[in-house]
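Q: Dropping in target.pdb, with PDB, C-alpha atoms.
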MODEL        1
ATOM      1  CA  MET A  34      67.483  72.841  68.794  1.00  0.00           C
ATOM      2  CA  THR A  35      65.236  71.822  71.547  1.00  0.00           C
ATOM      3  CA  ASP A  36      66.590  70.041  74.560  1.00  0.00           C
ATOM      4  CA  PRO A  37      66.705  66.335  73.592  1.00  0.00           C
ATOM      5  CA  GLN A  38      65.542  65.368  77.061  1.00  0.00           C
ATOM      6  CA  THR A  39      62.429  67.530  77.104  1.00  0.00           C
ATOM      7  CA  GLY A  40      61.531  67.747  73.424  1.00  0.00           C
ATOM      8  CA  GLY A  41      59.843  70.602  71.634  1.00  0.00           C
ATOM      9  CA  GLY A  42      57.468  71.535  74.365  1.00  0.00           C
ATOM     10  CA  GLY A  43      54.782  68.885  74.226  1.00  0.00           C
ATOM     11  CA  ALA A  44      54.471  65.170  74.783  1.00  0.00           C
ATOM     12  CA  GLY A  45      55.812  63.294  71.798  1.00  0.00           C
ATOM     13  CA  THR A  46      57.561  66.274  70.188  1.00  0.00           C
ATOM     14  CA  PHE A  47      61.210  66.995  69.550  1.00  0.00           C
ATOM     15  CA  PHE A  48      61.146  70.077  67.296  1.00  0.00           C
ATOM     16  CA  ASP A  49      59.984  73.522  68.346  1.00  0.00           C
ATOM     17  CA  THR A  50      57.662  75.432  65.974  1.00  0.00           C
ATOM     18  CA  ARG A  51      60.419  77.027  63.862  1.00  0.00           C
ATOM     19  CA  GLN A  52      62.435  73.825  63.610  1.00  0.00           C
ATOM     20  CA  ARG A  53      59.326  71.879  62.685  1.00  0.00           C
ATOM     21  CA  ALA A  54      58.544  74.348  59.879  1.00  0.00           C
ATOM     22  CA  THR A  55      62.136  74.063  58.609  1.00  0.00           C
ATOM     23  CA  ILE A  56      61.969  70.263  58.508  1.00  0.00           C
ATOM     24  CA  VAL A  57      58.532  70.310  56.825  1.00  0.00           C
ATOM     25  CA  ALA A  58      59.889  72.655  54.124  1.00  0.00           C
ATOM     26  CA  ALA A  59      63.014  70.530  53.617  1.00  0.00           C
ATOM     27  CA  MET A  60      60.965  67.333  53.342  1.00  0.00           C
ATOM     28  CA  ALA A  61      58.631  69.018  50.846  1.00  0.00           C
ATOM     29  CA  ARG A  62      61.645  69.868  48.666  1.00  0.00           C
ATOM     30  CA  ILE A  63      62.875  66.267  48.805  1.00  0.00           C
ATOM     31  CA  ILE A  64      59.444  64.708  48.178  1.00  0.00           C
ATOM     32  CA  PRO A  65      57.440  67.450  46.412  1.00  0.00           C
ATOM     33  CA  SER A  66      53.739  67.358  45.665  1.00  0.00           C
ATOM     34  CA  ASP A  67      53.028  66.876  41.986  1.00  0.00           C
ATOM     35  CA  ASP A  68      50.479  64.501  40.478  1.00  0.00           C
ATOM     36  CA  ARG A  69      50.923  62.423  43.651  1.00  0.00           C
ATOM     37  CA  PRO A  70      50.921  63.439  47.308  1.00  0.00           C
ATOM     38  CA  GLY A  71      54.251  64.668  48.643  1.00  0.00           C
ATOM     39  CA  ALA A  72      55.843  64.761  52.074  1.00  0.00           C
ATOM     40  CA  ARG A  73      53.382  67.353  53.435  1.00  0.00           C
ATOM     41  CA  GLU A  74      50.329  65.343  52.420  1.00  0.00           C
ATOM     42  CA  ALA A  75      51.870  62.118  53.705  1.00  0.00           C
ATOM     43  CA  GLY A  76      52.409  63.750  57.110  1.00  0.00           C
ATOM     44  CA  THR A  77      56.074  62.789  57.331  1.00  0.00           C
ATOM     45  CA  ILE A  78      56.662  65.285  60.139  1.00  0.00           C
ATOM     46  CA  GLU A  79      53.892  63.593  62.122  1.00  0.00           C
ATOM     47  CA  PHE A  80      55.984  60.416  62.005  1.00  0.00           C
ATOM     48  CA  LEU A  81      59.427  61.954  62.502  1.00  0.00           C
ATOM     49  CA  ASP A  82      58.724  64.378  65.350  1.00  0.00           C
ATOM     50  CA  PRO A  83      57.346  61.789  67.825  1.00  0.00           C
ATOM     51  CA  TYR A  84      59.994  59.273  66.725  1.00  0.00           C
ATOM     52  CA  LEU A  85      62.773  61.671  67.749  1.00  0.00           C
ATOM     53  CA  SER A  86      61.017  62.613  70.998  1.00  0.00           C
ATOM     54  CA  GLY A  87      62.157  59.505  72.843  1.00  0.00           C
ATOM     55  CA  LEU A  88      61.411  55.831  73.363  1.00  0.00           C
ATOM     56  CA  ASP A  89      57.640  56.173  73.649  1.00  0.00           C
ATOM     57  CA  PHE A  90      56.963  56.082  69.884  1.00  0.00           C
ATOM     58  CA  ILE A  91      59.304  53.423  68.434  1.00  0.00           C
ATOM     59  CA  TYR A  92      57.217  50.276  67.939  1.00  0.00           C
ATOM     60  CA  ALA A  93      53.483  50.469  67.289  1.00  0.00           C
ATOM     61  CA  LYS A  94      51.405  47.717  68.859  1.00  0.00           C
ATOM     62  CA  PRO A  95      49.996  45.264  66.287  1.00  0.00           C
ATOM     63  CA  ASP A  96      46.401  46.042  67.256  1.00  0.00           C
ATOM     64  CA  GLY A  97      46.917  49.782  66.735  1.00  0.00           C
ATOM     65  CA  SER A  98      46.198  50.622  70.365  1.00  0.00           C
ATOM     66  CA  GLY A  99      49.407  52.557  70.966  1.00  0.00           C
ATOM     67  CA  PHE A 100      53.114  51.866  71.246  1.00  0.00           C
ATOM     68  CA  GLU A 101      55.175  49.205  72.988  1.00  0.00           C
ATOM     69  CA  LYS A 102      57.179  50.198  76.058  1.00  0.00           C
ATOM     70  CA  LEU A 103      60.874  49.487  75.569  1.00  0.00           C
ATOM     71  CA  GLU A 104      63.004  48.385  78.514  1.00  0.00           C
ATOM     72  CA  GLY A 105      66.458  47.053  79.294  1.00  0.00           C
ATOM     73  CA  LYS A 106      69.119  46.530  76.622  1.00  0.00           C
ATOM     74  CA  ARG A 107      66.606  47.069  73.850  1.00  0.00           C
ATOM     75  CA  ALA A 108      65.731  50.502  75.264  1.00  0.00           C
ATOM     76  CA  GLU A 109      69.411  51.440  75.667  1.00  0.00           C
ATOM     77  CA  ALA A 110      70.164  50.441  72.069  1.00  0.00           C
ATOM     78  CA  TRP A 111      67.267  52.583  70.806  1.00  0.00           C
ATOM     79  CA  LYS A 112      68.347  55.539  72.967  1.00  0.00           C
ATOM     80  CA  GLN A 113      71.759  55.453  71.267  1.00  0.00           C
ATOM     81  CA  ARG A 114      70.184  55.245  67.805  1.00  0.00           C
ATOM     82  CA  ILE A 115      67.843  58.138  68.534  1.00  0.00           C
ATOM     83  CA  GLU A 116      70.676  60.320  69.866  1.00  0.00           C
ATOM     84  CA  ILE A 117      72.666  59.730  66.663  1.00  0.00           C
ATOM     85  CA  ILE A 118      69.667  60.678  64.521  1.00  0.00           C
ATOM     86  CA  ARG A 119      68.900  63.708  66.705  1.00  0.00           C
ATOM     87  CA  ALA A 120      72.473  64.943  66.335  1.00  0.00           C
ATOM     88  CA  LYS A 121      72.191  64.669  62.556  1.00  0.00           C
ATOM     89  CA  TYR A 122      68.950  66.652  62.530  1.00  0.00           C
ATOM     90  CA  VAL A 123      70.419  69.294  64.845  1.00  0.00           C
ATOM     91  CA  ALA A 124      73.421  69.706  62.533  1.00  0.00           C
ATOM     92  CA  GLY A 125      71.199  69.680  59.450  1.00  0.00           C
ATOM     93  CA  ILE A 126      68.899  72.416  60.718  1.00  0.00           C
ATOM     94  CA  LYS A 127      71.888  74.545  61.757  1.00  0.00           C
ATOM     95  CA  GLU A 128      73.321  74.152  58.239  1.00  0.00           C
ATOM     96  CA  LEU A 129      69.972  75.023  56.624  1.00  0.00           C
ATOM     97  CA  ASP A 130      69.769  78.120  58.823  1.00  0.00           C
ATOM     98  CA  ARG A 131      73.341  79.110  57.921  1.00  0.00           C
ATOM     99  CA  ARG A 132      72.694  78.737  54.207  1.00  0.00           C
ATOM    100  CA  GLY A 133      69.353  80.502  54.472  1.00  0.00           C
ATOM    101  CA  ARG A 134      70.941  83.541  56.113  1.00  0.00           C
ATOM    102  CA  PHE A 135      73.398  83.879  53.259  1.00  0.00           C
ATOM    103  CA  GLN A 136      70.690  83.588  50.616  1.00  0.00           C
ATOM    104  CA  LEU A 137      68.556  86.277  52.225  1.00  0.00           C
ATOM    105  CA  GLY A 138      70.958  88.916  50.953  1.00  0.00           C
ATOM    106  CA  GLU A 139      72.922  89.747  54.067  1.00  0.00           C
ATOM    107  CA  GLY A 140      76.185  91.404  53.179  1.00  0.00           C
ATOM    108  CA  ASP A 141      75.476  92.052  49.522  1.00  0.00           C
ATOM    109  CA  GLU A 142      76.519  95.664  49.991  1.00  0.00           C
ATOM    110  CA  SER A 143      80.146  94.704  50.555  1.00  0.00           C
ATOM    111  CA  SER A 144      80.030  92.439  47.489  1.00  0.00           C
ATOM    112  CA  VAL A 145      78.745  95.294  45.318  1.00  0.00           C
ATOM    113  CA  ILE A 146      81.383  97.706  46.608  1.00  0.00           C
ATOM    114  CA  ALA A 147      84.126  95.111  46.152  1.00  0.00           C
ATOM    115  CA  ALA A 148      82.928  94.366  42.596  1.00  0.00           C
ATOM    116  CA  ALA A 149      82.966  98.062  41.682  1.00  0.00           C
ATOM    117  CA  VAL A 150      86.429  98.583  43.163  1.00  0.00           C
ATOM    118  CA  LEU A 151      87.841  95.453  41.523  1.00  0.00           C
ATOM    119  CA  GLY A 152      86.255  96.605  38.275  1.00  0.00           C
ATOM    120  CA  GLY A 153      88.261  99.818  38.344  1.00  0.00           C
ATOM    121  CA  THR A 154      85.987 102.342  40.066  1.00  0.00           C
ATOM    122  CA  SER A 155      87.886 104.476  42.540  1.00  0.00           C
ATOM    123  CA  LEU A 156      86.549 105.100  46.028  1.00  0.00           C
ATOM    124  CA  PHE A 157      88.340 108.467  45.901  1.00  0.00           C
ATOM    125  CA  GLY A 158      86.225 109.816  43.055  1.00  0.00           C
ATOM    126  CA  GLY A 159      86.231 109.130  39.364  1.00  0.00           C
ATOM    127  CA  PHE A 160      84.400 106.806  37.087  1.00  0.00           C
ATOM    128  CA  GLY A 161      84.563 103.146  36.231  1.00  0.00           C
ATOM    129  CA  SER A 162      83.459 101.327  33.132  1.00  0.00           C
ATOM    130  CA  VAL A 163      80.543  98.983  32.560  1.00  0.00           C
ATOM    131  CA  VAL A 164      82.901  96.258  31.370  1.00  0.00           C
ATOM    132  CA  GLY A 165      85.099  96.759  34.438  1.00  0.00           C
ATOM    133  CA  SER A 166      82.085  96.506  36.747  1.00  0.00           C
ATOM    134  CA  ILE A 167      80.954  93.290  35.048  1.00  0.00           C
ATOM    135  CA  VAL A 168      84.428  91.806  35.364  1.00  0.00           C
ATOM    136  CA  GLY A 169      84.539  92.911  39.021  1.00  0.00           C
ATOM    137  CA  ALA A 170      81.128  91.311  39.679  1.00  0.00           C
ATOM    138  CA  LEU A 171      82.296  88.057  38.087  1.00  0.00           C
ATOM    139  CA  MET A 172      85.469  88.109  40.183  1.00  0.00           C
ATOM    140  CA  ILE A 173      83.511  88.727  43.409  1.00  0.00           C
ATOM    141  CA  GLY A 174      81.071  85.955  42.461  1.00  0.00           C
ATOM    142  CA  LEU A 175      83.979  83.549  42.092  1.00  0.00           C
ATOM    143  CA  ILE A 176      85.532  84.737  45.335  1.00  0.00           C
ATOM    144  CA  ASN A 177      82.214  84.427  47.224  1.00  0.00           C
ATOM    145  CA  ASN A 178      81.706  80.903  45.902  1.00  0.00           C
ATOM    146  CA  GLY A 179      85.248  80.012  46.912  1.00  0.00           C
ATOM    147  CA  LEU A 180      84.688  81.366  50.432  1.00  0.00           C
ATOM    148  CA  ILE A 181      81.493  79.310  50.749  1.00  0.00           C
ATOM    149  CA  LEU A 182      83.191  76.171  49.439  1.00  0.00           C
ATOM    150  CA  MET A 183      85.993  76.708  51.941  1.00  0.00           C
ATOM    151  CA  GLY A 184      83.326  76.417  54.639  1.00  0.00           C
ATOM    152  CA  LEU A 185      83.867  79.856  56.127  1.00  0.00           C
ATOM    153  CA  GLU A 186      81.176  81.241  58.404  1.00  0.00           C
ATOM    154  CA  PHE A 187      79.241  84.248  57.120  1.00  0.00           C
ATOM    155  CA  SER A 188      81.126  86.677  59.372  1.00  0.00           C
ATOM    156  CA  GLN A 189      84.445  85.300  58.095  1.00  0.00           C
ATOM    157  CA  GLN A 190      83.247  85.777  54.508  1.00  0.00           C
ATOM    158  CA  LEU A 191      82.475  89.438  55.265  1.00  0.00           C
ATOM    159  CA  ILE A 192      85.959  89.911  56.705  1.00  0.00           C
ATOM    160  CA  ALA A 193      87.550  88.300  53.645  1.00  0.00           C
ATOM    161  CA  ARG A 194      85.568  90.569  51.304  1.00  0.00           C
ATOM    162  CA  GLY A 195      86.584  93.588  53.400  1.00  0.00           C
ATOM    163  CA  VAL A 196      90.241  92.609  53.085  1.00  0.00           C
ATOM    164  CA  ILE A 197      89.773  92.263  49.312  1.00  0.00           C
ATOM    165  CA  ILE A 198      88.296  95.786  49.145  1.00  0.00           C
ATOM    166  CA  ILE A 199      91.202  97.198  51.164  1.00  0.00           C
ATOM    167  CA  LEU A 200      93.748  95.444  48.956  1.00  0.00           C
ATOM    168  CA  ALA A 201      91.999  96.641  45.789  1.00  0.00           C
ATOM    169  CA  VAL A 202      91.956 100.228  47.089  1.00  0.00           C
ATOM    170  CA  MET A 203      95.647 100.008  47.982  1.00  0.00           C
ATOM    171  CA  VAL A 204      96.499  98.712  44.515  1.00  0.00           C
ATOM    172  CA  ALA A 205      94.371 101.414  42.883  1.00  0.00           C
ATOM    173  CA  ARG A 206      96.093 104.133  44.949  1.00  0.00           C
ATOM    174  CA  SER A 207      99.544 102.840  44.113  1.00  0.00           C
ATOM    175  CA  ARG A 208      98.753 103.182  40.397  1.00  0.00           C
ATOM    176  CA  ARG A 209      98.154 106.942  40.726  1.00  0.00           C
TER     177      ARG A 209
ENDMDL
END
Mind turning this structure into structure tokens?
A:
Amino acid sequence: MTDPQTGGGGAGTFFDTRQRATIVAAMARIIPSDDRPGAREAGTIEFLDPYLSGLDFIYAKPDGSGFEKLEGKRAEAWKQRIEIIRAKYVAGIKELDRRGRFQLGEGDESSVIAAAVLGGTSLFGGFGSVVGSIVGALMIGLINNGLILMGLEFSQQLIARGVIIILAVMVARSRR
């Protein structure tokens, strides 16, 4: 995330370009455009980004000429509120990035190998069966979902799948 003190690089901004695009896409999924305007058309990012940038964009003046300047206890209270909201957005974007990396197909090779091995295909030569491969793929799918639900980082998931492959190979070798 951008530095909360300096913002995204311009006056009245909190998000950098990539973060801004991520938030725009997330808002568009929450409030999609259909027969009515959605989040993009409503310009929700144009409200949120300055709001998170600091105290300069909290209360609009009634005549529309700008924003009120906050001072004293009122300003301190708003600083605390903004920091809480910023922290939630920082965590949310990190989580979206983490989930996006997984969905882009990183590490699928180890899942395919593990599915084939669990399905009965030997890494030392030989043939497996279609049914065995399907069962192996289902087992790896369940394992992958379990690893995600456990909250493991992507690198930890890769390690767990590697351990599963090693164990499956050891079991297959002991059967010979």
Q: For A:Val57, which of A:Met183, A:Leu81, A:Ala120, A:Ala108 is the closest residue, counting all atoms listed in the file?
A: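 Closest residue, counting all atoms listed in the file: A:Leu81.
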Q: Spell out the residues picked by the PyMOL selection byres ((chain A and resi 111) around 12) here, as a list in words.
A: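 Checked against the file, the PyMOL selection byres ((chain A and resi 111) around 12) matches Tyr84, Leu85, Ser86, Gly87, Leu88, Asp89, Phe90, Ile91, Tyr92, Lys102, Leu103, Glu104, Gly105, Lys106, Arg107, Ala108, Glu109, Ala110, Lys112, Gln113, Arg114, Ile115, Glu116, Ile117, Ile118 and Arg119 of chain A.
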Q: Restricted to C-alpha atoms, what would the selected residues look like written as a JSON list (two decimals), in the frame of the given file?
A:
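result_13.json, freshly written:
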[["chain", "number", "residue", "atom", "x", "y", "z"],
["A", 84, "TYR", "CA", 59.99, 59.27, 66.72],
["A", 85, "LEU", "CA", 62.77, 61.67, 67.75],
["A", 86, "SER", "CA", 61.02, 62.61, 71.00],
["A", 87, "GLY", "CA", 62.16, 59.50, 72.84],
["A", 88, "LEU", "CA", 61.41, 55.83, 73.36],
["A", 89, "ASP", "CA", 57.64, 56.17, 73.65],
["A", 90, "PHE", "CA", 56.96, 56.08, 69.88],
["A", 91, "ILE", "CA", 59.30, 53.42, 68.43],
["A", 92, "TYR", "CA", 57.22, 50.28, 67.94],
["A", 102, "LYS", "CA", 57.18, 50.20, 76.06],
["A", 103, "LEU", "CA", 60.87, 49.49, 75.57],
["A", 104, "GLU", "CA", 63.00, 48.38, 78.51],
["A", 105, "GLY", "CA", 66.46, 47.05, 79.29],
["A", 106, "LYS", "CA", 69.12, 46.53, 76.62],
["A", 107, "ARG", "CA", 66.61, 47.07, 73.85],
["A", 108, "ALA", "CA", 65.73, 50.50, 75.26],
["A", 109, "GLU", "CA", 69.41, 51.44, 75.67],
["A", 110, "ALA", "CA", 70.16, 50.44, 72.07],
["A", 112, "LYS", "CA", 68.35, 55.54, 72.97],
["A", 113, "GLN", "CA", 71.76, 55.45, 71.27],
["A", 114, "ARG", "CA", 70.18, 55.24, 67.81],
["A", 115, "ILE", "CA", 67.84, 58.14, 68.53],
["A", 116, "GLU", "CA", 70.68, 60.32, 69.87],
["A", 117, "ILE", "CA", 72.67, 59.73, 66.66],
["A", 118, "ILE", "CA", 69.67, 60.68, 64.52],
["A", 119, "ARG", "CA", 68.90, 63.71, 66.70]]
Q: Applying 12 Å and only C-alpha atoms, which residues near A:Val202 remain after dropping the ones on its own chain fewer than 6 positions away? List them as an MDAnalysis selection string.
A: chainID A and resid 146:158 195:196 208:209
Q: Selected residues, C-alpha atoms, written as an mmCIF file, keeping the file's coordinate frame, please.
A:
data_model
loop_
_atom_site.group_PDB
_atom_site.id
_atom_site.type_symbol
_atom_site.label_atom_id
_atom_site.label_comp_id
_atom_site.auth_asym_id
_atom_site.auth_seq_id
_atom_site.Cartn_x
_atom_site.Cartn_y
_atom_site.Cartn_z
ATOM 1 C CA ILE A 146 81.383 97.706 46.608
ATOM 2 C CA ALA A 147 84.126 95.111 46.152
ATOM 3 C CA ALA A 148 82.928 94.366 42.596
ATOM 4 C CA ALA A 149 82.966 98.062 41.682
ATOM 5 C CA VAL A 150 86.429 98.583 43.163
ATOM 6 C CA LEU A 151 87.841 95.453 41.523
ATOM 7 C CA GLY A 152 86.255 96.605 38.275
ATOM 8 C CA GLY A 153 88.261 99.818 38.344
ATOM 9 C CA THR A 154 85.987 102.342 40.066
ATOM 10 C CA SER A 155 87.886 104.476 42.540
ATOM 11 C CA LEU A 156 86.549 105.100 46.028
ATOM 12 C CA PHE A 157 88.340 108.467 45.901
ATOM 13 C CA GLY A 158 86.225 109.816 43.055
ATOM 14 C CA GLY A 195 86.584 93.588 53.400
ATOM 15 C CA VAL A 196 90.241 92.609 53.085
ATOM 16 C CA ARG A 208 98.753 103.182 40.397
ATOM 17 C CA ARG A 209 98.154 106.942 40.726
#
Q: Taking all atoms listed in the file into account, name the residue in A:Leu185, A:Ile198, A:Val145, A:Val168 that is nearest to A:Arg131.
A: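 Looking at the shortest contact to A:Arg131, the residue is A:Leu185.
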Q: Could you state the separation of atom CA of A:Asp130 and atom CA of A:Ile56 in Å, given to one decimal place?
A: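 The value is 11.1 Å.
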Q: Which residue, A:Phe187, A:Arg194, A:Arg51, A:Ser98, has the smallest gap to A:Gly174 when you use only C-alpha atoms?
A: A:Arg194
Q: Need to verify the contact set: stretch 73-75 of chain A, 10 Å, only C-alpha atoms, exclusion of same-chain residues closer than 4 positions in sequence. Can you return it as a list in words?
A: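 Contacts, in chain order: Val57, Ala58, Met60, Ala61, Arg62, Ile64, Pro65, Ser66, Arg69, Glu79 and Phe80 of chain A.
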Q: Selection from above, C-alpha atoms, as a short mmCIF file (atom, residue, chain, number, x, y, z; two decimals), keeping the file's coordinate frame, can you write it?
A:
data_model
loop_
_atom_site.label_atom_id
_atom_site.label_comp_id
_atom_site.auth_asym_id
_atom_site.auth_seq_id
_atom_site.Cartn_x
_atom_site.Cartn_y
_atom_site.Cartn_z
CA VAL A 57 58.53 70.31 56.82
CA ALA A 58 59.89 72.66 54.12
CA MET A 60 60.96 67.33 53.34
CA ALA A 61 58.63 69.02 50.85
CA ARG A 62 61.64 69.87 48.67
CA ILE A 64 59.44 64.71 48.18
CA PRO A 65 57.44 67.45 46.41
CA SER A 66 53.74 67.36 45.66
CA ARG A 69 50.92 62.42 43.65
CA GLU A 79 53.89 63.59 62.12
CA PHE A 80 55.98 60.42 62.00
#
Q: Using all atoms listed in the file, which of the listed residues (A:Ile192, A:Glu128, A:Ile173, A:Gly45) sits closest to A:Phe100?
A: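 Ranked by minimum distance to A:Phe100, first place goes to A:Gly45.
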Q: Can you tell me, as JSON, the centre and edge lengths (Å, one decimal) of the axis-aligned box enclosing all of stretch 108-117 of chain A's listed atoms after padding each side by 8 Å?
A:
{"center_x": 69.2, "center_y": 55.4, "center_z": 71.2, "size_x": 22.9, "size_y": 25.9, "size_z": 25.0}
Q: Smallest atom-to-atom distance to A:Arg53: which of A:Glu186, A:Glu142, A:Asp68, A:Asp82, using all atoms listed in the file?
A: A:Asp82
Q: When you draw a straight line from atom CA of A:Ala170 to atom CA of A:Ile197, how long is it in Å?
A: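 Taking atom CA of A:Ala170 and atom CA of A:Ile197, their separation equals 13.0 Å.
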Q: How far is it from atom CA of A:Ala72 to atom CA of A:Lys94, in Å with one decimal?
A: 24.3 Å
Q: Pick out the closest residue to A:Ile78 from this set: A:Ala59, A:Ala193, A:Ile126, A:Met172. Count only C-alpha atoms.
A: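 Of A:Ala59, A:Ala193, A:Ile126, A:Met172, the one nearest A:Ile78 is A:Ala59, counting only C-alpha atoms.
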